[in-house]
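Peer 1: Below is the file start.cif, which contains mmCIF, C-alpha atoms and all ligand atoms.
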```
data_target
#
loop_
_atom_site.label_atom_id
_atom_site.label_comp_id
_atom_site.auth_asym_id
_atom_site.auth_seq_id
_atom_site.Cartn_x
_atom_site.Cartn_y
_atom_site.Cartn_z
CA MET P 1 -33.70 -8.95 28.90
CA THR P 2 -36.03 -10.51 31.43
CA GLY P 3 -39.79 -10.15 31.11
CA GLY P 4 -39.80 -8.00 34.24
CA SER P 5 -37.20 -5.54 33.06
CA CYS P 6 -38.86 -5.35 29.68
CA ARG P 7 -42.19 -4.54 31.29
CA ARG P 8 -40.54 -1.85 33.35
CA TRP P 9 -38.98 -0.53 30.20
CA LEU P 10 -42.34 -0.46 28.45
CA ALA P 11 -43.88 1.29 31.43
CA THR P 12 -41.09 3.86 31.29
CA LEU P 13 -41.66 4.43 27.61
CA CYS P 14 -45.35 4.94 28.18
CA GLY P 15 -44.53 7.37 30.97
CA ILE P 16 -42.22 9.29 28.68
CA ALA P 17 -44.86 9.37 25.99
CA ALA P 18 -47.57 10.65 28.28
CA LEU P 19 -45.31 13.40 29.60
CA ALA P 20 -43.47 14.48 26.55
CA VAL P 21 -45.64 13.97 23.52
CA ARG P 22 -49.13 15.27 23.13
CA PRO P 23 -50.78 14.70 19.75
CA VAL P 24 -48.57 16.48 17.24
CA ALA P 25 -49.01 17.99 13.84
CA ALA P 26 -47.32 16.11 11.03
CA GLU P 27 -44.92 19.00 10.56
CA ASN P 28 -43.91 19.01 14.18
CA ALA P 29 -40.49 17.59 13.48
CA GLN P 30 -39.18 18.69 16.85
CA ALA P 31 -41.66 16.53 18.77
CA GLU P 32 -40.86 13.57 16.51
CA ARG P 33 -37.13 14.08 17.02
CA GLU P 34 -37.63 14.14 20.78
CA LEU P 35 -39.75 10.99 20.68
CA GLY P 36 -37.15 9.19 18.57
CA ARG P 37 -34.25 10.33 20.70
CA ARG P 38 -35.86 9.15 23.90
CA PHE P 39 -36.88 5.85 22.34
CA ALA P 40 -33.33 5.28 21.09
CA PHE P 41 -31.80 6.21 24.45
CA GLU P 42 -33.90 3.56 26.20
CA ALA P 43 -33.85 0.98 23.43
CA GLY P 44 -30.11 1.30 22.88
CA THR P 45 -29.43 -0.18 26.26
CA ARG P 46 -32.45 -2.44 26.75
CA ILE P 47 -32.60 -4.38 23.52
CA PRO P 48 -29.74 -6.52 22.26
CA LEU P 49 -27.95 -4.67 19.49
CA VAL P 50 -25.19 -5.80 17.17
CA ARG P 51 -22.54 -3.17 17.84
CA ASP P 52 -19.67 -4.48 15.72
CA PRO P 53 -18.34 -1.37 14.00
CA GLU P 54 -18.13 -3.21 10.67
CA VAL P 55 -21.81 -4.14 10.74
CA VAL P 56 -22.89 -0.70 11.95
CA ARG P 57 -20.78 0.99 9.31
CA TYR P 58 -22.10 -1.22 6.54
CA VAL P 59 -25.78 -0.64 7.34
CA GLY P 60 -25.28 3.02 8.31
CA GLY P 61 -23.17 3.69 5.23
CA ILE P 62 -25.89 2.49 2.88
CA GLY P 63 -28.53 4.28 4.96
CA ASP P 64 -26.62 7.57 4.85
CA ARG P 65 -26.27 7.35 1.08
CA VAL P 66 -30.00 6.78 0.66
CA VAL P 67 -30.76 9.70 3.01
CA ALA P 68 -28.49 11.91 0.90
CA GLY P 69 -30.60 10.87 -2.11
CA LEU P 70 -33.63 12.51 -0.44
CA GLY P 71 -32.04 15.95 -0.38
CA PRO P 72 -32.15 18.37 2.56
CA GLN P 73 -34.57 17.48 5.36
CA PRO P 74 -35.26 17.96 9.04
CA PHE P 75 -33.94 14.74 10.60
CA ASP P 76 -30.54 13.25 11.31
CA TYR P 77 -30.79 9.55 10.66
CA HIS P 78 -29.42 6.81 12.91
CA PHE P 79 -29.27 3.13 12.03
CA PHE P 80 -29.27 0.21 14.46
CA ILE P 81 -29.04 -3.56 14.06
CA ILE P 82 -31.07 -5.65 16.49
CA ARG P 83 -29.64 -9.03 17.44
CA ASP P 84 -32.60 -11.09 16.38
CA ALA P 85 -32.95 -13.77 13.71
CA LYS P 86 -36.35 -12.60 12.48
CA VAL P 87 -36.75 -10.74 9.21
CA ASN P 88 -37.80 -7.29 10.26
CA ALA P 89 -37.11 -3.58 9.95
CA PHE P 90 -38.95 -0.63 11.42
CA ALA P 91 -38.71 3.12 11.67
CA VAL P 92 -39.24 5.32 14.71
CA PRO P 93 -40.28 8.93 14.09
CA GLY P 94 -37.46 11.44 14.18
CA GLY P 95 -34.95 9.43 12.12
CA TYR P 96 -34.27 6.19 14.01
CA ILE P 97 -34.18 3.10 11.78
CA TYR P 98 -33.88 -0.45 13.15
CA VAL P 99 -32.96 -3.53 11.11
CA HIS P 100 -33.05 -7.02 12.62
CA SER P 101 -29.97 -9.12 11.95
CA GLY P 102 -32.20 -11.80 10.35
CA LEU P 103 -32.90 -9.36 7.54
CA LEU P 104 -29.20 -9.14 6.72
CA GLN P 105 -29.23 -12.91 6.16
CA ARG P 106 -32.08 -12.61 3.67
CA ILE P 107 -30.92 -9.76 1.45
CA ARG P 108 -28.88 -10.73 -1.57
CA ASN P 109 -27.01 -7.52 -2.35
CA ASP P 110 -26.51 -3.89 -1.30
CA ASP P 111 -29.36 -2.74 -3.54
CA GLU P 112 -31.84 -4.84 -1.57
CA LEU P 113 -30.69 -3.35 1.73
CA ALA P 114 -30.83 0.12 0.18
CA GLY P 115 -34.40 -0.68 -0.88
CA VAL P 116 -35.50 -1.76 2.61
CA LEU P 117 -33.81 1.27 4.19
CA GLY P 118 -35.22 3.59 1.52
CA HIS P 119 -38.72 2.39 2.36
CA GLU P 120 -38.18 2.88 6.12
CA ILE P 121 -36.56 6.28 5.65
CA ALA P 122 -39.55 7.33 3.56
CA HIS P 123 -41.93 6.43 6.42
CA VAL P 124 -39.94 8.75 8.69
CA HIS P 125 -39.41 11.46 6.11
CA ALA P 126 -43.13 11.67 5.34
CA HIS P 127 -44.19 11.52 9.04
CA HIS P 128 -46.27 8.42 8.39
CA LEU P 129 -46.81 7.29 11.97
CA ALA P 130 -47.78 10.79 13.04
CA ARG P 131 -50.12 11.07 10.06
CA GLN P 132 -51.79 7.76 10.90
CA GLN P 133 -52.36 9.09 14.37
CA GLU P 134 -53.98 12.24 13.05
CA ASN P 135 -56.32 10.11 10.99
CA GLY P 136 -57.68 8.72 14.22
CA GLU P 137 -56.05 5.35 13.91
CA TRP P 138 -53.94 6.00 17.01
CA LEU P 139 -55.06 6.76 20.49
CA GLY P 140 -51.75 8.40 21.35
CA TYR P 141 -48.04 8.06 21.36
CA ALA P 142 -48.11 5.76 24.37
CA GLN P 143 -49.65 3.11 22.15
CA LEU P 144 -47.22 3.88 19.39
CA LEU P 145 -44.27 3.37 21.69
CA ALA P 146 -45.75 0.25 23.20
CA ALA P 147 -46.31 -1.16 19.74
CA LEU P 148 -42.76 -0.36 18.64
CA ALA P 149 -41.42 -1.96 21.78
CA SER P 150 -43.50 -5.08 21.22
CA LEU P 151 -42.03 -5.40 17.73
CA VAL P 152 -38.66 -5.80 19.37
CA GLN P 153 -39.77 -8.07 22.21
CA PRO P 154 -43.07 -9.54 21.04
CA ALA P 155 -43.76 -11.81 24.03
CA ALA P 156 -43.03 -9.29 26.76
CA GLY P 157 -44.66 -6.48 24.82
CA ALA P 158 -47.82 -8.48 24.31
CA ALA P 159 -47.89 -9.54 27.95
CA ALA P 160 -47.54 -5.99 29.13
CA LEU P 161 -49.84 -4.17 26.77
CA GLY P 162 -51.95 -6.51 24.71
CA ALA P 163 -51.12 -7.86 21.27
CA ALA P 164 -53.65 -5.54 19.69
CA SER P 165 -51.21 -2.63 19.92
CA THR P 166 -48.85 -4.42 17.52
CA ALA P 167 -51.51 -4.52 14.86
CA LYS P 168 -51.75 -0.74 15.10
CA LEU P 169 -48.26 -0.45 13.69
CA GLN P 170 -49.57 -1.67 10.40
CA TYR P 171 -49.23 1.07 7.84
CA SER P 172 -52.19 1.76 5.59
CA ARG P 173 -52.08 0.72 1.94
CA GLU P 174 -51.72 4.33 0.83
CA LEU P 175 -48.79 5.00 3.14
CA GLU P 176 -47.09 1.77 2.04
CA GLN P 177 -47.36 2.79 -1.58
CA GLU P 178 -46.08 6.26 -0.81
CA ALA P 179 -43.09 4.76 1.05
CA ASP P 180 -42.40 2.44 -1.90
CA TYR P 181 -42.42 5.25 -4.40
CA MET P 182 -40.52 7.78 -2.31
CA GLY P 183 -38.06 5.10 -1.22
CA ALA P 184 -37.44 3.89 -4.77
CA ARG P 185 -36.76 7.46 -5.88
CA SER P 186 -34.24 8.18 -3.13
CA VAL P 187 -32.56 4.80 -3.72
CA GLN P 188 -32.22 5.65 -7.41
CA GLN P 189 -30.90 9.14 -6.58
CA SER P 190 -28.26 7.66 -4.30
CA GLY P 191 -26.83 5.41 -6.99
CA PHE P 192 -28.35 2.07 -5.96
CA SER P 193 -30.79 0.15 -8.11
CA PRO P 194 -34.38 0.41 -6.87
CA GLU P 195 -34.94 -3.00 -8.42
CA GLY P 196 -33.44 -4.42 -5.21
CA MET P 197 -36.46 -3.21 -3.24
CA LEU P 198 -38.85 -5.00 -5.57
CA ASP P 199 -36.72 -8.16 -5.61
CA PHE P 200 -36.70 -8.35 -1.83
CA PHE P 201 -40.42 -7.70 -1.42
CA GLN P 202 -41.24 -10.20 -4.14
CA ARG P 203 -39.17 -12.89 -2.44
CA LEU P 204 -40.89 -12.28 0.92
CA TRP P 205 -44.25 -12.38 -0.80
CA GLU P 206 -43.53 -15.65 -2.58
CA ASP P 207 -42.08 -17.25 0.56
CA GLU P 208 -45.11 -16.30 2.55
CA ARG P 209 -47.47 -17.86 0.03
CA ARG P 210 -45.39 -21.04 -0.18
CA THR P 211 -45.01 -21.73 3.53
CA THR P 212 -47.47 -22.25 6.32
CA THR P 213 -45.25 -20.87 9.07
CA ALA P 214 -45.97 -17.47 10.57
CA ALA P 215 -45.22 -14.51 8.34
CA PRO P 216 -42.05 -12.56 9.18
CA PRO P 217 -42.79 -9.57 11.43
CA TYR P 218 -41.79 -7.30 8.57
CA LEU P 219 -44.99 -8.21 6.74
CA LEU P 220 -47.14 -7.44 9.77
CA SER P 221 -46.18 -3.78 9.89
CA HIS P 222 -45.60 -3.38 6.14
CA PRO P 223 -48.44 -5.40 4.61
CA LEU P 224 -47.67 -6.67 1.11
CA THR P 225 -50.29 -7.22 -1.51
CA GLU P 226 -50.03 -8.26 -5.11
CA GLU P 227 -51.42 -4.87 -6.05
CA ARG P 228 -48.62 -3.11 -4.18
CA LEU P 229 -45.97 -5.22 -5.90
CA ASN P 230 -47.55 -4.57 -9.30
CA ARG P 231 -47.61 -0.85 -8.69
CA LEU P 232 -43.99 -0.77 -7.61
CA GLU P 233 -43.02 -2.80 -10.66
CA ALA P 234 -44.96 -0.40 -12.91
CA VAL P 235 -43.23 2.62 -11.34
CA LEU P 236 -39.80 1.08 -11.92
CA ARG P 237 -40.65 0.16 -15.50
CA LYS P 238 -42.09 3.56 -16.32
CA SER P 239 -39.06 5.34 -14.90
CA GLY P 240 -36.63 3.04 -16.70
CA TRP P 241 -35.23 1.92 -13.34
CA ASN P 242 -35.64 -1.78 -13.97
CA ALA P 243 -32.97 -2.71 -16.47
CA THR P 244 -29.92 -3.26 -14.28
CA PRO P 245 -28.34 -6.70 -13.80
CA ARG P 246 -28.43 -7.98 -10.20
CA PRO P 247 -25.09 -7.54 -8.38
CA SER P 248 -23.55 -10.26 -6.19
CA PRO P 249 -23.22 -9.66 -2.47
CA SER P 250 -20.44 -7.16 -1.72
CA ALA P 251 -17.53 -8.17 0.53
CA ALA P 252 -18.89 -5.72 3.11
CA LEU P 253 -22.29 -7.44 3.05
CA GLU P 254 -20.71 -10.89 3.43
CA ARG P 255 -18.72 -9.64 6.41
CA ALA P 256 -21.68 -7.87 8.05
CA ARG P 257 -23.82 -10.95 7.54
CA PHE P 258 -21.14 -13.17 9.04
CA LEU P 259 -20.66 -10.99 12.14
CA ALA P 260 -24.39 -10.56 12.65
CA ARG P 261 -24.83 -14.34 12.43
CA VAL P 262 -22.05 -15.06 14.90
CA ARG P 263 -23.70 -12.63 17.34
CA THR P 264 -27.21 -13.98 16.83
CA GLU P 265 -27.13 -17.73 16.18
CA PRO P 266 -25.66 -20.53 18.30
CA ALA P 267 -21.90 -20.73 17.71
CA GLU P 268 -21.94 -24.45 16.90
CA GLU P 269 -24.36 -23.99 14.01
CA VAL P 270 -22.31 -21.21 12.50
CA LEU P 271 -19.05 -23.12 12.92
CA ARG P 272 -20.48 -26.30 11.39
CA GLU P 273 -21.23 -24.44 8.16
CA TYR P 274 -17.78 -22.85 7.91
CA ARG P 275 -16.02 -26.13 8.74
CA GLU P 276 -18.02 -27.80 5.99
CA ARG P 277 -16.85 -25.17 3.53
CA VAL P 278 -13.20 -25.74 4.44
CA ARG P 279 -13.70 -29.50 3.98
CA SER P 280 -15.25 -29.10 0.54
CA GLU P 281 -12.77 -26.40 -0.60
CA PRO P 282 -9.48 -27.33 1.13
CA ALA P 283 -7.38 -25.07 -1.13
CA SER P 284 -9.56 -21.98 -0.58
CA ALA P 285 -7.80 -19.32 1.51
CA GLU P 286 -11.07 -17.43 1.80
CA ALA P 287 -12.91 -20.39 3.36
CA ARG P 288 -10.19 -20.66 6.00
CA VAL P 289 -10.28 -16.92 6.72
CA GLN P 290 -13.99 -17.22 7.38
CA LEU P 291 -13.62 -20.28 9.59
CA GLY P 292 -10.72 -18.64 11.45
CA SER P 293 -12.75 -15.49 12.07
CA ALA P 294 -15.74 -17.56 13.22
CA LEU P 295 -13.52 -19.49 15.64
CA LEU P 296 -12.12 -16.23 16.96
CA GLU P 297 -15.56 -14.71 17.50
CA THR P 298 -16.69 -17.82 19.36
CA GLY P 299 -13.68 -17.86 21.68
CA ALA P 300 -11.71 -20.81 20.21
CA TYR P 301 -8.47 -18.80 20.04
CA GLU P 302 -5.92 -21.55 19.46
CA SER P 303 -7.97 -23.12 16.66
CA ALA P 304 -8.48 -19.64 15.23
CA ARG P 305 -4.72 -19.05 15.20
CA VAL P 306 -3.98 -22.36 13.45
CA THR P 307 -6.72 -21.82 10.86
CA LEU P 308 -5.74 -18.21 10.12
CA GLU P 309 -2.09 -19.19 9.73
CA GLN P 310 -3.16 -21.87 7.26
CA ALA P 311 -5.16 -19.23 5.40
CA ARG P 312 -2.11 -16.99 5.25
CA THR P 313 0.02 -19.84 3.88
CA LEU P 314 -2.63 -20.39 1.22
CA GLY P 315 -2.25 -16.73 0.17
CA ALA P 316 -4.96 -14.90 2.12
CA ALA P 317 -4.09 -11.20 2.01
CA ASP P 318 -5.64 -9.67 5.07
CA THR P 319 -5.26 -11.93 8.10
CA ASP P 320 -3.22 -9.50 10.23
CA ARG P 321 -6.00 -8.15 12.36
CA ASP P 322 -7.73 -11.38 13.29
CA LEU P 323 -4.49 -13.29 13.73
CA GLY P 324 -3.27 -10.44 15.96
CA ARG P 325 -6.47 -10.62 17.99
CA ALA P 326 -6.00 -14.39 18.44
CA LEU P 327 -2.36 -13.95 19.55
CA LEU P 328 -3.33 -11.26 22.05
CA ARG P 329 -5.77 -13.67 23.70
CA LEU P 330 -3.12 -16.39 23.64
CA ARG P 331 -0.87 -13.96 25.59
CA ASP P 332 1.63 -13.34 22.80
CA ALA P 333 1.43 -9.56 23.15
CA ALA P 334 4.54 -8.76 21.11
CA GLY P 335 3.41 -10.95 18.21
CA ALA P 336 -0.05 -9.40 18.44
CA ARG P 337 1.38 -5.87 18.47
CA ASP P 338 3.36 -6.40 15.26
CA LEU P 339 0.40 -7.82 13.37
CA LEU P 340 -2.05 -5.24 14.72
CA ALA P 341 0.31 -2.35 13.93
CA ARG P 342 0.31 -3.52 10.34
CA ALA P 343 -3.49 -3.91 10.35
CA VAL P 344 -3.96 -0.36 11.69
CA GLY P 345 -1.44 0.97 9.18
CA ARG P 346 -3.39 -0.60 6.35
CA HIS P 347 -6.86 0.29 7.69
CA PRO P 348 -6.57 3.34 9.97
CA ASP P 349 -10.37 3.60 10.13
CA ASP P 350 -10.81 0.08 11.55
CA ALA P 351 -12.01 0.72 15.11
CA VAL P 352 -11.63 -2.89 16.22
CA ALA P 353 -8.03 -3.04 14.98
CA CYS P 354 -7.25 0.22 16.84
CA TYR P 355 -8.82 -1.11 20.03
CA GLU P 356 -6.93 -4.40 19.89
CA TYR P 357 -3.68 -2.60 19.04
CA GLY P 358 -4.23 -0.42 22.11
CA ARG P 359 -4.71 -3.53 24.26
CA ALA P 360 -1.50 -5.07 22.93
CA LEU P 361 0.49 -1.86 23.61
CA GLU P 362 -1.03 -1.62 27.06
CA SER P 363 0.05 -5.12 28.01
CA LEU P 364 3.55 -4.29 26.78
CA GLY P 365 3.64 -1.24 29.08
CA ASP P 366 3.43 1.42 26.34
CA THR P 367 0.81 3.65 27.98
CA PRO P 368 1.03 6.68 25.64
CA GLY P 369 0.79 4.42 22.60
CA ALA P 370 -2.12 2.50 24.13
CA LEU P 371 -3.98 5.72 24.99
CA ALA P 372 -3.59 7.04 21.45
CA ALA P 373 -4.87 3.80 19.91
CA LEU P 374 -7.82 3.50 22.31
CA ARG P 375 -8.76 7.15 21.73
CA GLN P 376 -8.71 6.49 18.02
CA ALA P 377 -10.97 3.44 18.52
CA VAL P 378 -13.66 5.35 20.46
CA ALA P 379 -13.47 8.27 18.03
CA LEU P 380 -14.18 5.85 15.18
CA ALA P 381 -16.81 3.83 17.04
CA PRO P 382 -18.26 5.53 20.16
CA ASP P 383 -20.50 2.49 20.77
CA LEU P 384 -17.56 0.12 21.12
CA GLU P 385 -18.19 -0.64 24.76
CA ASP P 386 -14.94 -2.52 25.44
CA ALA P 387 -12.89 0.36 24.05
CA GLN P 388 -14.74 2.92 26.20
CA GLN P 389 -14.19 0.75 29.26
CA GLN P 390 -10.51 0.11 28.60
CA LEU P 391 -9.81 3.75 27.80
CA GLY P 392 -11.58 4.81 31.00
CA LEU P 393 -9.57 2.39 33.14
CA LEU P 394 -6.26 3.32 31.56
CA LEU P 395 -6.91 7.07 31.85
CA GLY P 396 -7.83 6.61 35.51
CA ARG P 397 -4.65 4.66 36.20
CA ASN P 398 -2.67 7.30 34.34
CA GLY P 399 -3.95 10.08 36.61
CA ASP P 400 -6.59 11.59 34.30
CA ALA P 401 -9.57 11.03 36.59
CA GLY P 402 -12.10 13.28 34.84
CA GLU P 403 -11.76 11.73 31.43
CA GLY P 404 -11.42 8.31 32.98
CA TYR P 405 -14.80 8.60 34.76
CA TYR P 406 -16.31 9.96 31.56
CA HIS P 407 -15.33 6.95 29.43
CA LEU P 408 -16.28 4.49 32.18
CA GLY P 409 -19.66 6.23 32.35
CA LYS P 410 -20.08 5.82 28.58
CA ALA P 411 -19.26 2.10 28.83
CA LEU P 412 -21.79 1.61 31.65
CA LEU P 413 -24.42 3.47 29.64
CA LEU P 414 -23.86 1.13 26.71
CA ARG P 415 -24.49 -1.77 29.08
CA GLY P 416 -27.72 -0.20 30.35
CA GLU P 417 -26.39 0.30 33.86
CA TYR P 418 -27.89 3.74 34.38
CA THR P 419 -27.31 4.20 38.08
CA GLN P 420 -23.63 3.37 37.90
CA ALA P 421 -23.26 5.41 34.72
CA GLN P 422 -24.79 8.38 36.49
CA THR P 423 -22.35 7.97 39.38
CA GLN P 424 -19.31 7.97 37.06
CA LEU P 425 -20.54 10.89 34.95
CA THR P 426 -21.36 12.93 38.04
CA LYS P 427 -17.78 12.42 39.22
CA ALA P 428 -16.46 13.33 35.75
CA GLU P 429 -18.38 16.58 35.29
CA PRO P 430 -16.50 18.94 37.65
CA LEU P 431 -13.13 17.46 36.64
CA LEU P 432 -13.46 17.80 32.88
CA PRO P 433 -12.10 20.90 31.11
CA GLU P 434 -14.35 22.83 28.74
CA GLY P 435 -14.74 20.80 25.58
CA GLU P 436 -16.67 18.09 23.85
CA ALA P 437 -16.40 15.47 26.61
CA ARG P 438 -17.75 17.94 29.14
CA ARG P 439 -20.65 19.02 26.91
CA ASP P 440 -21.49 15.35 26.28
CA THR P 441 -21.37 14.61 30.02
CA VAL P 442 -23.72 17.47 30.85
CA GLU P 443 -26.15 16.33 28.18
CA LEU P 444 -26.05 12.68 29.26
CA LEU P 445 -26.63 13.63 32.89
CA ALA P 446 -29.63 15.73 31.84
CA GLN P 447 -31.04 12.73 29.96
CA LEU P 448 -30.48 10.46 32.94
CA ARG P 449 -32.18 12.89 35.30
CA ALA P 450 -35.14 13.26 32.91
CA LYS P 451 -35.38 9.47 32.89
CA ASP P 452 -35.43 9.40 36.69
CA ARG P 453 -38.37 11.80 36.69
CA ASP P 454 -40.47 9.71 34.29
ZN ZN C 1 -43.80 0.18 5.08
#
```
Written as C-alpha cells, how would this file's structure read?
Ligand code: ZN
Peer 2:
Amino acid sequence: MTGGSCRRWLATLCGIAALAVRPVAAENAQAERELGRRFAFEAGTRIPLVRDPEVVRYVGGIGDRVVAGLGPQPFDYHFFIIRDAKVNAFAVPGGYIYVHSGLLQRIRNDDELAGVLGHEIAHVHAHHLARQQENGEWLGYAQLLAALASLVQPAAGAAALGAASTAKLQYSRELEQEADYMGARSVQQSGFSPEGMLDFFQRLWEDERRTTTAAPPYLLSHPLTEERLNRLEAVLRKSGWNATPRPSPSAALERARFLARVRTEPAEEVLREYRERVRSEPASAEARVQLGSALLETGAYESARVTLEQARTLGAADTDRDLGRALLRLRDAAGARDLLARAVGRHPDDAVACYEYGRALESLGDTPGALAALRQAVALAPDLEDAQQQLGLLLGRNGDAGEGYYHLGKALLLRGEYTQAQTQLTKAEPLLPEGEARRDTVELLAQLRAKDRD
C-alpha cells in the first residue's frame, strides 16, 4: 500500500466513524459489530493479509475453540493474519481479531496461540475499547479507528494522524488483568493449557529486558509488567492450571508458520534455511518436503518437482498435492490431474488442492469437472482470490453470466478494486436467481454504496 492510499483509507475510516458511531454504551453490541464489520471490510482489502486457507484455518480453528470456551455471547468472531514480520495481535470491537504473521514465528505451540487469542477475544468480549472510551480516555471512535489503522501501518498512520493516537490504544492495567484472567479461563475451558499464555508473555517480557531494540508493537498496546505476570502466574497456580507439560509445535503450526514466512520474508532467506536443513539431514524426507514446498511457493517449479520427487523416494507420505501443483505449472496437466485427484480424495476439505485440481481439469477440457472442483474450493475458502477469479471466468465462458460476474466481483473485492468489483456485481444482480449468491451480491453492493457515501 502506498502512503497516499493508506492516508485515503485512514480518512475513509475516520469518515465512517464520524457518521456511523456516536459514543456508545458498553452493552451496545450492535454498534460495535457495525464498527468491526466496516473496519474489516476496508482493512481486508487495504492491508496485506495472509490468505492461505491452511494458515487461516489453523488460526481460526484455535480461535473458534477458544470462543466456544466462553459460552454464548453476542459476537461472531473472525480471525485474520496480517502479512507483517512484527510480533503483534490486536482486537477490533465486534469480534474481529488480527494476528501478525511475525507472532506465528514466535509462538512455540498451539497453547501459546490459544493464550494470545484468548486474551484478545476477552478484550472484545468485555467491550474493553468501548469501556476505555467511556472512562474519558478516548475522544471518539475516529481516534480509535485511526489508532487501529496505525498499528497496521505505523508510518503512514503516524504521518496522517499523529503518533499520539497509537498510544491511546494502550489498555489500562485493570483491563489487561481482566483480559488475562478471562482469557485464561476460556482457554482452559476449550481444552488448551492456559500456561501457554503465561509462557509467551514471559518470553516477550524477558526478551524486552535483554535487548535494546524497540519493543514489539504487541507490548505497546498490551503493556506487560512484572506485577501482571505474577498475578497471572498466581491465578494459574491457584486454579491448578499450571501443571501440564509443554507440547511441541503441532504439524499444523509448523505448516502455518512456514506458509506465513514464505509470504512475509524474502524468498532467498527462507530457501537458504530449508536448503541448509536438507544438507545437514540428507536422508530426511521431511526436510525435502519442506524445501520442495518452499521452492514451489517461491516459483522455482522445476526445482520443486525434483526435490518433491526425491522426498517421495525417501518415503514422504503426502507429496501428491504439491507435486501436482508443480507439474501443473510445468504444463504436465495429465500428470498434475492424477496427483491432485488423489490429494483431493485424501483431503476433500483442502481448498488449495480442489482449486488446483479444477485448474488441471480445465486445461484438459473437462469443464463440468473443473466447475465442480472450483466451486468446492470457493465453498471451502471464500477468500481464495484465484479460485474466485478462475470460477468466474470459467462460468462466464460456459454461458452462466450472472454467476460468472458474481465470482469475478468477489475476486476484485479481495484485491481491493472496489470500482471494478461494483461494476461486476451490478451486472450480476439482475441475472442471478433467488439464492445465496444473489443475497450476498445485494449485501455487497449495499456496502459498496455506503462506502461511496462516506
Ligand atoms: Zn491486552
Peer 1: My list of candidates is P:Asp84, P:Glu356, P:Asp318, P:Glu178. Which is closest to ligand ZN 1 (chain C) when distances are computed with all atoms listed in the file?
Peer 2: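 Smallest separation from ligand ZN 1 (chain C) among the options: P:Glu178.
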Peer 1: Give the residue list for ligand ZN 1 (chain C) at 10 Å, counting all atoms listed in the file, as a ChimeraX atom specification, sorted by chain and then by residue number.
Peer 2: /P:89-91,116,118-123,128,169-180,183,218-224
Peer 1: Please, what distance in Å, to one decimal, runs between CA of Leu395 (chain P) and CA of Asp52 (chain P)?
Peer 2: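 Going from CA of Leu395 (chain P) over to CA of Asp52 (chain P) covers 23.6 Å.
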Peer 1: Considering all atoms listed in the file, state which residue in the set P:Leu412, P:Asn109, P:Pro382, P:Gln422 is at the smallest distance from Ser250 (chain P).
Peer 2: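 Of P:Leu412, P:Asn109, P:Pro382, P:Gln422, the one nearest Ser250 (chain P), counting all atoms listed in the file, is P:Asn109.
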Peer 1: Can you tell me how far CA of Pro216 (chain P) sits from CA of Leu414 (chain P), in Å to one decimal?
Peer 2: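 Computing the Euclidean distance for CA of Pro216 (chain P) and CA of Leu414 (chain P) yields 28.7 Å.
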Peer 1: Give me, as a ChimeraX atom specification, all polymer residues having an atom no more than 7 Å from region 30-43 of chain P, counting only C-alpha atoms and skipping those fewer than 5 positions away in the same chain.
Peer 2: /P:21,92-96
Peer 1: Residues of the last selection are to be written out with C-alpha atoms, as a PDB file, in the coordinates of the input.
Peer 2:
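In the end it all went to out-v2.pdb:
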```pdb
ATOM      1  CA  VAL P  21     -45.640  13.970  23.520  1.00  0.00           C
ATOM      2  CA  VAL P  92     -39.240   5.320  14.710  1.00  0.00           C
ATOM      3  CA  PRO P  93     -40.280   8.930  14.090  1.00  0.00           C
ATOM      4  CA  GLY P  94     -37.460  11.440  14.180  1.00  0.00           C
ATOM      5  CA  GLY P  95     -34.950   9.430  12.120  1.00  0.00           C
ATOM      6  CA  TYR P  96     -34.270   6.190  14.010  1.00  0.00           C
TER       7      TYR P  96
END
```
Peer 1: Find the distance between CA of Gln202 (chain P) and CA of Leu232 (chain P) and write it in Å to one decimal.
Peer 2: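 CA of Gln202 (chain P) sits 10.4 Å away from CA of Leu232 (chain P).
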Peer 1: Give me the residues near region 261-263 of chain P as a PyMOL selection string, where near means some atom within 12 Å (using all atoms listed in the file) and where sequence neighbours in that chain fewer than 2 positions away do not count.
Peer 2: chain P and resi 48-52+55+81-86+100-106+253-259+265-274+290-291+293-299
Peer 1: With all atoms listed in the file as the counted atoms, please give the residues lying no more than 10 Å from Glu403 (chain P), apart from itself and same-chain residues fewer than 5 positions off, as a list in words.
Peer 2: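 The residues that qualify are Leu391, Gly392, Leu393, Leu395, Gly396, Leu408, Gly409, Leu425, Lys427, Ala428, Glu429, Leu431, Leu432, Pro433, Ala437 and Arg438 of chain P.
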Peer 1: Given the point (-4.9, -6.0, 6.1) in the coordinates of this file, which residues lie within 12 Å, counting only C-alpha atoms, and how would they look as a list in words?
Peer 2: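 So the residues meeting the distance criterion are Arg312, Ala316, Ala317, Asp318, Thr319, Asp320, Arg321, Asp322, Leu323, Gly324, Leu339, Leu340, Ala341, Arg342, Ala343, Val344, Gly345, Arg346, His347, Pro348, Asp349, Asp350 and Ala353 of chain P.
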Peer 1: Check the smallest atom-to-atom distance from each of P:Ala215, P:Ala234, P:Leu113, P:Leu371 to Asp400 (chain P) using all atoms listed in the file, then report the winner.
Peer 2: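 Smallest distance to Asp400 (chain P) is found for P:Leu371.
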Peer 1: For each of P:Val56, P:Leu445, P:Ala360, P:Val289, take the minimum atom-to-atom distance to Arg331 (chain P), counting only C-alpha atoms, then give the residue where this is smallest.
Peer 2: P:Ala360
Peer 1: Residues near Gly191 (chain P), anyone? I mean within 9 Å using only C-alpha atoms, not counting same-chain ones fewer than 4 positions away, as a list in words.
Peer 2: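 Once the adjacent positions are removed, what remains is Arg65, Val66, Gly69, Ser186 and Val187 of chain P.
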Peer 1: Counting all atoms listed in the file, what is within 8 Å of Pro194 (chain P), bar same-chain residues fewer than 3 positions away, as a ChimeraX atom specification?
Peer 2: /P:111-112,114-115,184-185,187-188,197-198,236,241-242
Peer 1: Would you mind telling me which residue in P:Glu195, P:Ala29, P:Asp110, P:Ala377 lies nearest to Ser239 (chain P) when using all atoms listed in the file?
Peer 2: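 Nearest candidate to Ser239 (chain P) out of P:Glu195, P:Ala29, P:Asp110, P:Ala377: P:Glu195.
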